[in-house]
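The data block below is final_27.tsv; it holds TSV, C-alpha atoms and all ligand atoms.
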chain	number	residue	atom	x	y	z
J	161	MET	CA	77.43	84.37	126.63
J	162	LYS	CA	80.74	82.56	126.80
J	163	ILE	CA	82.73	83.53	123.75
J	164	GLY	CA	86.07	82.25	122.50
J	165	ILE	CA	88.12	84.72	120.44
J	166	VAL	CA	90.98	83.61	118.22
J	167	CYS	CA	93.23	86.29	116.74
J	168	TYR	CA	96.79	87.34	116.06
J	169	PRO	CA	98.07	88.92	119.26
J	170	THR	CA	100.22	91.50	117.47
J	171	PHE	CA	99.89	95.22	116.62
J	172	GLY	CA	98.12	94.40	113.31
J	173	GLY	CA	94.60	95.74	112.80
J	174	SER	CA	92.84	92.38	113.05
J	175	GLY	CA	94.41	91.65	116.45
J	176	VAL	CA	93.66	95.14	117.72
J	177	LEU	CA	90.04	94.90	116.60
J	178	ALA	CA	89.55	91.42	118.08
J	179	THR	CA	91.07	92.46	121.41
J	180	GLU	CA	89.01	95.65	121.66
J	181	LEU	CA	85.90	93.62	120.80
J	182	GLY	CA	86.70	91.10	123.54
J	183	LYS	CA	87.25	93.88	126.07
J	184	ALA	CA	83.97	95.54	125.13
J	185	LEU	CA	82.08	92.23	125.38
J	186	ALA	CA	83.62	91.54	128.78
J	187	GLN	CA	82.44	94.94	129.99
J	188	LYS	CA	78.95	93.92	128.93
J	189	ASN	CA	79.23	90.88	131.20
J	190	HIS	CA	80.02	88.27	128.57
J	191	GLU	CA	82.77	85.83	129.47
J	192	VAL	CA	85.55	86.12	126.91
J	193	HIS	CA	88.32	83.59	126.32
J	194	PHE	CA	91.23	84.65	124.10
J	195	VAL	CA	93.04	81.73	122.53
J	196	THR	CA	96.31	82.67	120.84
J	197	TYR	CA	100.08	82.16	121.06
J	198	GLN	CA	100.87	85.34	123.01
J	199	GLN	CA	99.10	87.81	125.24
J	200	PRO	CA	97.38	90.23	122.80
J	201	VAL	CA	99.14	93.62	122.86
J	202	ARG	CA	95.99	95.58	123.60
J	203	LEU	CA	95.20	93.30	126.55
J	204	GLU	CA	97.64	95.19	128.70
J	205	ARG	CA	96.10	94.78	132.11
J	206	PHE	CA	93.73	92.61	134.08
J	207	VAL	CA	90.15	92.91	132.86
J	208	PRO	CA	87.33	91.13	134.72
J	209	ASN	CA	85.54	88.46	132.61
J	210	ILE	CA	88.55	88.01	130.33
J	211	PHE	CA	90.62	84.84	130.22
J	212	TYR	CA	93.68	84.16	128.15
J	213	HIS	CA	94.74	80.70	127.00
J	214	GLU	CA	98.15	80.44	125.43
J	215	VAL	CA	98.61	78.01	122.57
J	216	GLN	CA	101.82	76.08	123.23
J	217	VAL	CA	103.54	74.75	120.13
J	218	PRO	CA	106.09	72.15	121.26
J	219	THR	CA	109.11	71.83	119.04
J	220	TYR	CA	110.53	68.50	117.96
J	221	PRO	CA	113.64	67.89	115.82
J	222	LEU	CA	111.44	66.47	113.04
J	223	PHE	CA	109.46	69.71	112.75
J	224	ASP	CA	111.01	72.24	110.44
J	225	PHE	CA	107.62	73.95	110.73
J	226	PRO	CA	105.96	73.42	114.14
J	227	PRO	CA	102.26	72.72	113.43
J	228	TYR	CA	100.56	75.78	114.97
J	229	GLU	CA	97.18	75.02	113.42
J	230	THR	CA	97.06	71.58	115.07
J	231	ALA	CA	98.12	73.03	118.43
J	232	LEU	CA	95.48	75.77	118.10
J	233	ALA	CA	92.70	73.30	117.23
J	234	SER	CA	93.66	71.09	120.20
J	235	THR	CA	93.74	74.07	122.57
J	236	LEU	CA	90.35	75.17	121.26
J	237	VAL	CA	88.89	71.72	121.96
J	238	ASP	CA	90.21	71.88	125.50
J	239	VAL	CA	89.01	75.44	126.20
J	240	ILE	CA	85.57	74.93	124.62
J	241	LYS	CA	85.01	71.74	126.61
J	242	ASN	CA	86.36	72.86	129.96
J	243	HIS	CA	84.90	76.35	129.93
J	244	ARG	CA	81.69	75.35	128.15
J	245	LEU	CA	81.96	78.05	125.51
J	246	ASP	CA	78.82	78.94	123.55
J	247	LEU	CA	80.52	80.25	120.45
J	248	LEU	CA	83.85	80.79	118.75
J	249	HIS	CA	84.72	84.00	116.90
J	250	VAL	CA	87.85	83.78	114.78
J	251	HIS	CA	89.57	86.84	113.32
J	252	TYR	CA	91.64	86.50	110.13
J	253	ALA	CA	90.85	83.34	108.18
J	254	ILE	CA	94.33	81.82	108.03
J	255	PRO	CA	94.77	79.49	109.87
J	256	HIS	CA	92.08	80.38	112.39
J	257	ALA	CA	89.01	79.35	110.39
J	258	SER	CA	90.38	75.92	109.50
J	259	ALA	CA	91.53	75.34	113.11
J	260	ALA	CA	88.03	76.29	114.30
J	261	TYR	CA	86.48	73.91	111.77
J	262	LEU	CA	88.71	71.09	112.99
J	263	ALA	CA	87.88	71.79	116.65
J	264	LYS	CA	84.18	71.88	115.77
J	265	GLN	CA	84.36	68.48	114.06
J	266	ILE	CA	86.31	66.91	116.93
J	267	LEU	CA	83.74	68.18	119.42
J	268	ALA	CA	80.81	67.05	117.25
J	269	ASN	CA	82.13	63.50	117.71
J	270	GLU	CA	81.67	64.05	121.42
J	271	LYS	CA	78.18	65.50	120.87
J	272	ILE	CA	79.31	69.03	121.75
J	273	GLN	CA	78.04	71.70	119.34
J	274	ILE	CA	80.10	74.84	118.88
J	275	PRO	CA	79.18	77.38	116.21
J	276	PHE	CA	82.02	79.47	114.80
J	277	ILE	CA	82.01	82.87	113.15
J	278	THR	CA	84.83	83.96	110.86
J	279	THR	CA	85.63	87.64	110.46
J	280	LEU	CA	87.64	88.41	107.35
J	281	HIS	CA	90.08	91.28	107.76
J	282	GLY	CA	91.90	91.90	104.51
J	283	THR	CA	95.11	90.23	103.49
J	284	ASP	CA	93.64	86.85	104.52
J	285	ILE	CA	91.51	87.34	101.38
J	286	THR	CA	93.20	89.82	99.10
J	287	LEU	CA	96.81	88.69	99.40
J	288	VAL	CA	97.78	85.57	101.33
J	289	GLY	CA	94.47	83.72	101.11
J	290	ARG	CA	94.31	83.97	97.32
J	291	ASP	CA	97.65	82.24	96.94
J	292	LYS	CA	96.93	78.77	95.61
J	293	THR	CA	98.92	77.19	98.44
J	294	TYR	CA	96.19	78.36	100.81
J	295	ALA	CA	93.09	79.05	98.69
J	296	PRO	CA	91.33	75.64	98.82
J	297	VAL	CA	91.59	75.46	102.64
J	298	VAL	CA	90.57	79.11	103.02
J	299	THR	CA	87.55	78.67	100.73
J	300	PHE	CA	86.46	75.50	102.48
J	301	SER	CA	86.80	76.82	106.02
J	302	ILE	CA	85.09	80.12	105.21
J	303	ASN	CA	82.17	78.20	103.71
J	304	GLU	CA	82.01	75.92	106.75
J	305	SER	CA	81.77	78.90	109.12
J	306	ASP	CA	78.36	79.31	110.71
J	307	ALA	CA	78.52	83.00	109.82
J	308	ILE	CA	81.00	85.10	107.90
J	309	THR	CA	81.59	88.78	108.41
J	310	ALA	CA	83.78	91.25	106.55
J	311	VAL	CA	85.06	94.55	107.94
J	312	SER	CA	84.02	96.62	104.92
J	313	HIS	CA	81.77	96.42	101.85
J	314	ASN	CA	84.86	96.41	99.70
J	315	LEU	CA	86.24	93.33	101.46
J	316	ARG	CA	82.89	91.56	101.09
J	317	GLU	CA	82.97	92.20	97.34
J	318	GLU	CA	86.62	91.16	97.07
J	319	THR	CA	85.84	87.91	98.88
J	320	PHE	CA	83.00	87.04	96.50
J	321	ARG	CA	85.24	88.00	93.58
J	322	HIS	CA	88.15	85.79	94.54
J	323	PHE	CA	86.54	82.80	96.26
J	324	LYS	CA	83.55	80.56	95.60
J	325	ILE	CA	81.56	81.46	98.68
J	326	ASN	CA	78.18	79.81	98.99
J	327	LYS	CA	76.68	81.82	101.82
J	328	GLU	CA	76.07	85.43	102.80
J	329	ILE	CA	78.92	87.59	104.03
J	330	GLU	CA	77.64	90.16	106.49
J	331	VAL	CA	79.41	93.49	106.76
J	332	ILE	CA	80.18	94.65	110.29
J	333	MET	CA	82.47	97.61	109.95
J	334	ASN	CA	85.48	98.03	112.21
J	335	PHE	CA	85.09	100.30	115.19
J	336	VAL	CA	86.99	102.62	117.48
J	337	ASP	CA	86.49	103.72	121.06
J	338	VAL	CA	86.31	107.47	120.46
J	339	THR	CA	86.54	108.31	124.15
J	340	ARG	CA	89.94	106.63	124.32
J	341	PHE	CA	91.31	108.84	121.51
J	342	ASN	CA	89.85	112.09	122.79
J	343	ARG	CA	93.11	113.24	124.42
J	344	LYS	CA	94.75	116.60	125.04
J	345	PRO	CA	98.21	116.80	123.46
J	346	ILE	CA	101.05	116.37	125.95
J	347	ASP	CA	103.14	119.55	125.50
J	348	ALA	CA	106.44	117.98	126.55
J	349	PHE	CA	105.91	115.18	124.07
J	350	ARG	CA	105.08	117.54	121.21
J	351	LYS	CA	108.16	119.63	122.04
J	352	ALA	CA	110.37	116.54	122.05
J	353	ILE	CA	109.27	115.70	118.52
J	354	ALA	CA	108.83	119.19	117.10
J	355	PRO	CA	110.91	121.58	119.29
J	356	SER	CA	110.38	124.64	117.07
J	357	GLY	CA	106.64	124.15	116.60
J	358	GLU	CA	106.99	122.23	113.33
J	359	ARG	CA	103.89	120.49	111.97
J	360	ILE	CA	103.76	116.73	112.59
J	361	LEU	CA	102.92	114.19	109.88
J	362	LEU	CA	102.29	110.66	111.13
J	363	HIS	CA	102.30	107.21	109.60
J	364	ALA	CA	101.63	104.03	111.59
J	365	SER	CA	101.71	100.54	110.11
J	366	ASN	CA	103.47	97.21	109.96
J	367	PHE	CA	105.79	98.56	107.23
J	368	ARG	CA	104.89	95.85	104.75
J	369	LYS	CA	105.27	96.47	101.01
J	370	ILE	CA	101.50	96.89	100.63
J	371	LYS	CA	101.73	100.11	102.72
J	372	ARG	CA	104.05	101.81	100.18
J	373	VAL	CA	106.08	103.42	102.96
J	374	PRO	CA	108.54	105.07	100.51
J	375	ASP	CA	105.60	107.15	99.22
J	376	VAL	CA	105.17	108.52	102.75
J	377	VAL	CA	108.81	109.65	102.78
J	378	ARG	CA	108.51	111.26	99.34
J	379	ILE	CA	105.34	113.11	100.31
J	380	PHE	CA	107.04	114.31	103.47
J	381	ALA	CA	110.10	115.54	101.52
J	382	ASN	CA	107.79	117.63	99.29
J	383	VAL	CA	105.91	119.07	102.25
J	384	HIS	CA	109.04	119.71	104.27
J	385	ALA	CA	110.51	121.75	101.42
J	386	LYS	CA	107.61	124.22	101.89
J	387	ILE	CA	106.47	123.88	105.50
J	388	PRO	CA	108.64	123.30	108.60
J	389	SER	CA	107.58	119.81	109.58
J	390	LYS	CA	108.52	116.47	111.09
J	391	LEU	CA	107.54	112.96	110.06
J	392	LEU	CA	106.81	110.45	112.79
J	393	PHE	CA	106.86	106.76	111.88
J	394	VAL	CA	105.17	104.40	114.32
J	395	GLY	CA	105.49	100.62	113.97
J	396	ASP	CA	108.06	98.37	112.47
J	397	GLY	CA	108.45	95.89	109.66
J	398	PRO	CA	110.35	94.89	106.54
J	399	GLU	CA	110.21	98.26	104.75
J	400	ARG	CA	111.52	100.33	107.64
J	401	SER	CA	115.11	100.26	106.44
J	402	VAL	CA	113.94	101.22	102.94
J	403	ALA	CA	112.25	104.28	104.45
J	404	GLU	CA	115.36	105.11	106.48
J	405	ASP	CA	117.59	104.90	103.39
J	406	LEU	CA	115.21	106.99	101.30
J	407	SER	CA	114.92	109.72	103.91
J	408	ARG	CA	118.75	109.97	103.94
J	409	GLU	CA	118.84	110.02	100.15
J	410	LEU	CA	116.24	112.82	100.05
J	411	GLY	CA	118.09	114.81	102.73
J	412	VAL	CA	115.26	114.78	105.28
J	413	SER	CA	116.50	112.10	107.70
J	414	GLU	CA	117.01	114.59	110.54
J	415	ASN	CA	113.32	115.38	110.41
J	416	VAL	CA	112.09	111.78	110.20
J	417	LEU	CA	111.67	109.94	113.49
J	418	PHE	CA	111.13	106.21	113.85
J	419	VAL	CA	109.66	105.43	117.25
J	420	GLY	CA	108.95	101.71	116.69
J	421	LYS	CA	105.93	99.83	118.00
J	422	GLN	CA	103.95	101.86	120.51
J	423	GLU	CA	101.07	100.93	122.77
J	424	GLN	CA	99.90	104.46	123.62
J	425	MET	CA	98.67	105.41	120.16
J	426	GLU	CA	96.23	107.90	121.64
J	427	ASP	CA	99.07	110.06	123.06
J	428	ILE	CA	100.95	109.98	119.76
J	429	LEU	CA	97.88	110.79	117.67
J	430	ALA	CA	97.06	113.70	119.97
J	431	ILE	CA	100.15	115.60	118.76
J	432	ALA	CA	99.76	114.79	115.04
J	433	ASP	CA	98.51	117.24	112.39
J	434	VAL	CA	98.00	114.85	109.47
J	435	PHE	CA	97.88	111.06	109.17
J	436	LEU	CA	99.31	109.56	105.98
J	437	LEU	CA	98.21	106.20	104.60
J	438	THR	CA	99.61	105.46	101.16
J	439	SER	CA	98.60	101.78	100.92
J	440	GLU	CA	98.15	99.86	97.73
J	441	TYR	CA	95.22	98.14	99.44
J	442	GLU	CA	93.40	98.46	102.75
J	443	SER	CA	90.24	96.51	103.43
J	444	PHE	CA	89.35	99.17	105.98
J	445	GLY	CA	92.31	101.09	107.46
J	446	LEU	CA	91.77	100.88	111.21
J	447	ALA	CA	94.82	103.05	111.85
J	448	ALA	CA	93.18	105.85	109.81
J	449	LEU	CA	89.95	105.53	111.79
J	450	GLU	CA	91.89	105.79	115.07
J	451	ALA	CA	93.57	108.93	113.71
J	452	MET	CA	90.18	110.41	112.85
J	453	ALA	CA	88.91	109.64	116.36
J	454	ALA	CA	91.86	111.73	117.60
J	455	LYS	CA	90.76	114.57	115.27
J	456	VAL	CA	93.62	114.01	112.84
J	457	PRO	CA	92.67	114.44	109.14
J	458	VAL	CA	93.76	111.60	106.88
J	459	VAL	CA	95.51	111.91	103.53
J	460	SER	CA	95.24	108.46	101.98
J	461	THR	CA	94.91	106.51	98.79
J	462	ASP	CA	91.46	105.50	97.59
J	463	ALA	CA	92.39	101.81	97.67
J	464	GLY	CA	89.99	99.13	98.91
J	465	GLY	CA	87.65	100.23	101.66
J	466	LEU	CA	89.40	103.51	102.54
J	467	ALA	CA	86.70	105.56	100.84
J	468	GLU	CA	84.17	103.97	103.20
J	469	ILE	CA	85.76	105.82	106.12
J	470	ASN	CA	87.79	108.76	104.79
J	471	ILE	CA	85.49	111.25	103.06
J	472	HIS	CA	87.31	113.16	100.34
J	473	GLY	CA	87.33	116.92	100.98
J	474	GLN	CA	85.79	116.54	104.44
J	475	THR	CA	87.71	114.27	106.79
J	476	GLY	CA	90.84	114.29	104.65
J	477	PHE	CA	91.63	113.50	101.04
J	478	LEU	CA	91.76	110.46	98.78
J	479	SER	CA	94.12	109.97	95.85
J	480	GLN	CA	95.09	107.31	93.42
J	481	VAL	CA	97.72	104.86	94.62
J	482	GLY	CA	101.18	106.31	93.99
J	483	ASP	CA	100.03	109.86	93.24
J	484	ILE	CA	102.66	111.45	95.47
J	485	ASN	CA	102.31	114.97	94.07
J	486	THR	CA	98.57	115.17	94.68
J	487	MET	CA	98.96	113.78	98.20
J	488	SER	CA	101.75	116.29	98.93
J	489	GLN	CA	99.49	119.16	97.74
J	490	GLN	CA	96.65	117.85	99.89
J	491	VAL	CA	98.81	117.78	103.01
J	492	MET	CA	99.95	121.35	102.31
J	493	GLN	CA	96.36	122.47	101.71
J	494	LEU	CA	95.49	121.17	105.18
J	495	LEU	CA	98.48	122.73	106.89
J	496	GLN	CA	98.45	126.13	105.21
J	497	SER	CA	95.12	127.28	106.58
J	498	GLU	CA	94.26	126.97	110.25
J	499	SER	CA	90.54	127.25	109.56
J	500	THR	CA	90.63	124.51	106.89
J	501	HIS	CA	92.64	122.30	109.22
J	502	LEU	CA	90.22	122.87	112.08
J	503	SER	CA	87.16	122.07	110.01
J	504	PHE	CA	88.77	118.85	108.70
J	505	ARG	CA	89.72	117.92	112.24
J	506	ASN	CA	86.14	118.33	113.42
J	507	ASN	CA	84.75	116.44	110.42
J	508	ALA	CA	87.20	113.61	111.00
J	509	TYR	CA	86.06	113.30	114.60
J	510	LYS	CA	82.36	113.36	113.62
J	511	GLN	CA	82.95	110.67	111.03
J	512	ALA	CA	84.85	108.50	113.55
J	513	CYS	CA	81.89	108.78	115.94
J	514	LYS	CA	79.77	106.91	113.37
J	515	PHE	CA	82.11	103.95	113.90
J	516	ASP	CA	82.10	104.21	117.67
J	517	ILE	CA	82.40	100.96	119.59
J	518	HIS	CA	78.95	101.50	121.12
J	519	HIS	CA	77.29	101.33	117.69
J	520	ILE	CA	79.22	98.36	116.36
J	521	VAL	CA	79.61	95.91	119.26
J	522	PRO	CA	75.80	95.39	119.52
J	523	GLN	CA	75.89	94.23	115.88
J	524	TYR	CA	78.24	91.41	116.88
J	525	GLU	CA	76.08	90.57	119.90
J	526	LYS	CA	73.03	90.40	117.66
J	527	LEU	CA	74.89	88.07	115.32
J	528	TYR	CA	76.02	85.84	118.21
J	529	SER	CA	72.49	85.61	119.59
J	530	ARG	CA	71.36	83.96	116.34
J	531	PHE	CA	73.54	80.97	117.28
J	532	VAL	CA	73.33	80.97	121.07
J	533	LYS	CA	69.97	80.23	122.55
J	534	ASN	CA	69.81	81.07	126.26
F	1	LIG	O1	97.30	96.07	107.63
F	1	LIG	C1	97.79	94.98	107.82
F	1	LIG	O2	98.59	94.45	107.10
F	1	LIG	C2	97.36	94.20	109.05
F	1	LIG	C3	96.06	93.56	108.77
F	1	LIG	C4	95.67	92.61	109.85
F	1	LIG	O3	95.01	91.64	109.52
F	1	LIG	O4	95.98	92.77	111.01
F	1	LIG	O5	95.09	94.58	108.61
F	1	LIG	C5	93.90	94.26	107.95
F	1	LIG	O6	92.87	94.26	108.93
F	1	LIG	C6	92.61	95.53	109.54
F	1	LIG	C7	91.54	95.33	110.60
F	1	LIG	O7	90.35	94.85	110.07
F	1	LIG	C8	92.18	96.53	108.46
F	1	LIG	O8	91.93	97.77	109.05
F	1	LIG	C9	93.31	96.67	107.43
F	1	LIG	O9	92.89	97.52	106.40
F	1	LIG	C10	93.63	95.30	106.85
F	1	LIG	N1	94.83	95.41	106.02
F	1	LIG	C11	94.79	95.24	104.70
F	1	LIG	O10	93.75	95.02	104.10
F	1	LIG	C12	96.08	95.41	104.00
So, in terms of structure tokens, how does the structure I just supplied come out?
Amino acid sequence: MKIGIVCYPTFGGSGVLATELGKALAQKNHEVHFVTYQQPVRLERFVPNIFYHEVQVPTYPLFDFPPYETALASTLVDVIKNHRLDLLHVHYAIPHASAAYLAKQILANEKIQIPFITTLHGTDITLVGRDKTYAPVVTFSINESDAITAVSHNLREETFRHFKINKEIEVIMNFVDVTRFNRKPIDAFRKAIAPSGERILLHASNFRKIKRVPDVVRIFANVHAKIPSKLLFVGDGPERSVAEDLSRELGVSENVLFVGKQEQMEDILAIADVFLLTSEYESFGLAALEAMAAKVPVVSTDAGGLAEINIHGQTGFLSQVGDINTMSQQVMQLLQSESTHLSFRNNAYKQACKFDIHHIVPQYEKLYSRFVKN
């Protein structure tokens, strides 16, 4: 099949998932065309069967807001026509679903049929999409999609709860390539972070408010008071300076390391002892699944779809949003007993294997084949 993929090219979960899906499809001999405004971060090197089309958004003095959606729809028309795509798969509804709808209508005028599938990822529904400035367009373009998928059961329910959706939303859970995360820790790297053998707590995100990054710092301060430990922050975003200030205020800043955006997550996860995810909402929590694939137990909130991947008392622990004391106790419980830690590590890995890329990608192929007749 010839598949067009539209996504955000950044470190966010939806872009990561879309890129890994495209790479997996290309390996299975599908021809994959990424259409976005920048080379996706996980598309680091040349991969046979993958093509990348950059959306150019020309500026003009009249444009306070250059019209990305129009540029995307026009690029889609061009790519679909010239590369004879069979299907379009857009990740994150805003503005990708409406741009796909527009491209589809333009091509229909030229008697070219292009089905499009919209995969909902989270904040496109639960946060941004619900805002009334976007909601009518989001509702319309989701309903006009030839198929809709959501990355968790929770997100499916949330979508039906917040929007008037008149067709089925199929759940295709996010996936991880477990072989990629099955890495031996690099000793020199571990020593650079934790020179005296301290335990390593890890948080990776886009540091938006929804992640409740200050909770991570507070949990760490509690743990650090009892167990020699370091906190590693991966990623960047608006709440980073808040976390920096709080770690100074709590007197732990020398043990908190901010390493910014990183491409080699597998090497970082390999040295971590616990992954912390304190979010107010996560449709799925791909970062937590990647941690589990690297045998890192997850201490998280029970928000959104997190309970669909993190099994309380087995692969990690779940707590109510904001319950810093319970989460601190849970981290200590994991770190104080080697045998407990080991069994959680193994359970986390086993659970991640259920979401392995090889189980999930065929579900997308099956969905595509409903719309592409060869
Ligand atoms: O977490 C973010 O804010 C990024 C966002 C995105 O769209 O890139 O993540 C969403 O999609 C991920 C991939 O499906 C999910 O794993 C995240 O849980 C989801 N984020 C939220 O729901 C807040």
(Q) How would you report the residues lying within 6 Å of ligand LIG 1 (chain F), as a ChimeraX atom specification, if you count only C-alpha atoms and all ligand atoms? (A) /J:172-175,281-283,311,441-446
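Non-sequential neighbours of Val458 (chain J) (distance at most 7 Å, separation of 3 or more positions within a chain, only C-alpha atoms) are Val434, Phe435, Leu436, Ala448, Asn470, Thr475, Gly476 and Phe477 of chain J.
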Item to complete: Taking (72.7, 87.3, 125.6) in the file's own coordinates, collect the residues within 10 Å, counting only C-alpha atoms, and hand them back as a ChimeraX atom specification.
Response: /J:161-162,188-190,525-526,528-530,532-534
Correct to one decimal, the distance CA of Arg505 (chain J)-CA of His472 (chain J) is 13.0 Å
| message | If I take CA of Asn342 (chain J) and CA of Ala364 (chain J), how far is one from the other in Å, to one decimal? | response |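 About the pair CA of Asn342 (chain J) and CA of Ala364 (chain J): they are 18.1 Å apart.
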Checklist entry - In Å, how far is it from CA of Gly464 (chain J) to CA of Arg359 (chain J)? => result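 Between CA of Gly464 (chain J) and CA of Arg359 (chain J) the gap is 28.6 Å.
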- prompt: Taking all atoms listed in the file into account, which of J:Leu232, J:Asn334, J:Lys344, J:Phe223 comes nearest Tyr524 (chain J)?
  reply: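 The answer is J:Asn334, which sits nearest to Tyr524 (chain J).
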- request: With a distance cut-off of 8 Å and only C-alpha atoms, select the neighbouring residues of Asn415 (chain J), excluding the residue or stretch itself and same-chain residues fewer than 3 positions from it, and output the selection as JSON, numbers by chain.
  value: {"J": [389, 390, 391, 412]}
Counting only C-alpha atoms, the residue among J:Ser497, J:Asn326, J:Ala231, J:Glu423 that lies closest to Pro255 (chain J) is J:Ala231
* To do: Find the residues around region 293-305 of chain J up to 8 Å (only C-alpha atoms counted), leave out those fewer than 3 positions away in its own chain, and share them as a PyMOL selection string.
  => chain J and resi 253-254+257-258+261+275-278+288-290+308+323-327
Residue neighbourhood region 490-492 of chain J, 8 Å, all atoms listed in the file, exclusion window fewer than 2 positions, as a ChimeraX atom specification:
/J:383,387,434,459,477,486-488,494-496
Give me, as an mmCIF file with C-alpha atoms, in the coordinates of the input, all polymer residues having an atom no more than 8 Å from Ile469 (chain J), counting only C-alpha atoms and skipping those fewer than 4 positions away in the same chain.
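What ended up in result-v8.cif:
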data_model
loop_
_atom_site.group_PDB
_atom_site.id
_atom_site.type_symbol
_atom_site.label_atom_id
_atom_site.label_comp_id
_atom_site.auth_asym_id
_atom_site.auth_seq_id
_atom_site.Cartn_x
_atom_site.Cartn_y
_atom_site.Cartn_z
ATOM 1 C CA PHE J 444 89.350 99.170 105.980
ATOM 2 C CA LEU J 449 89.950 105.530 111.790
ATOM 3 C CA GLY J 465 87.650 100.230 101.660
ATOM 4 C CA GLN J 511 82.950 110.670 111.030
ATOM 5 C CA ALA J 512 84.850 108.500 113.550
#
Could the centre and edge lengths of an axis-aligned box, enclosing all atoms of region 297-307 of chain J in the file with 4 Å extra on each side, be given in Å to one decimal as lines of an AutoDock Vina configuration file?
center_x = 85.0
center_y = 79.2
center_z = 105.7
size_x = 21.2
size_y = 15.5
size_z = 18.0
ask   = Nearest to Leu466 (chain J) among J:Asn314, J:Val201, J:Gln523, J:His249, with distances taken over all atoms listed in the file: which residue is it?
value =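 Comparing J:Asn314, J:Val201, J:Gln523, J:His249 against Leu466 (chain J), the winner is J:Asn314.
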Min atom-atom distance to Phe393 (chain J) from the set J:Val166, J:Leu437, J:Ile329, J:Ala259, counting all atoms listed in the file, belongs to J:Leu437
Please, which residues are within 12 Å of (101.1, 79.1, 120.0) by the file's coordinates, counting only C-alpha atoms, and could they come as a ChimeraX atom specification?
-> /J:166-169,195-199,213-219,226-236,255-256
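When all atoms listed in the file are used to compute distances to Asn382 (chain J), the closest of the residues J:Ser407, J:Ala307, J:Arg321, J:Pro345 turns out to be J:Ser407.
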ask   = Looking at only C-alpha atoms, which of J:Lys510, J:Lys183, J:Arg244, J:Arg316 is the one that sits closest to Glu328 (chain J)?
value =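 Of J:Lys510, J:Lys183, J:Arg244, J:Arg316, the one nearest Glu328 (chain J) is J:Arg316, counting only C-alpha atoms.
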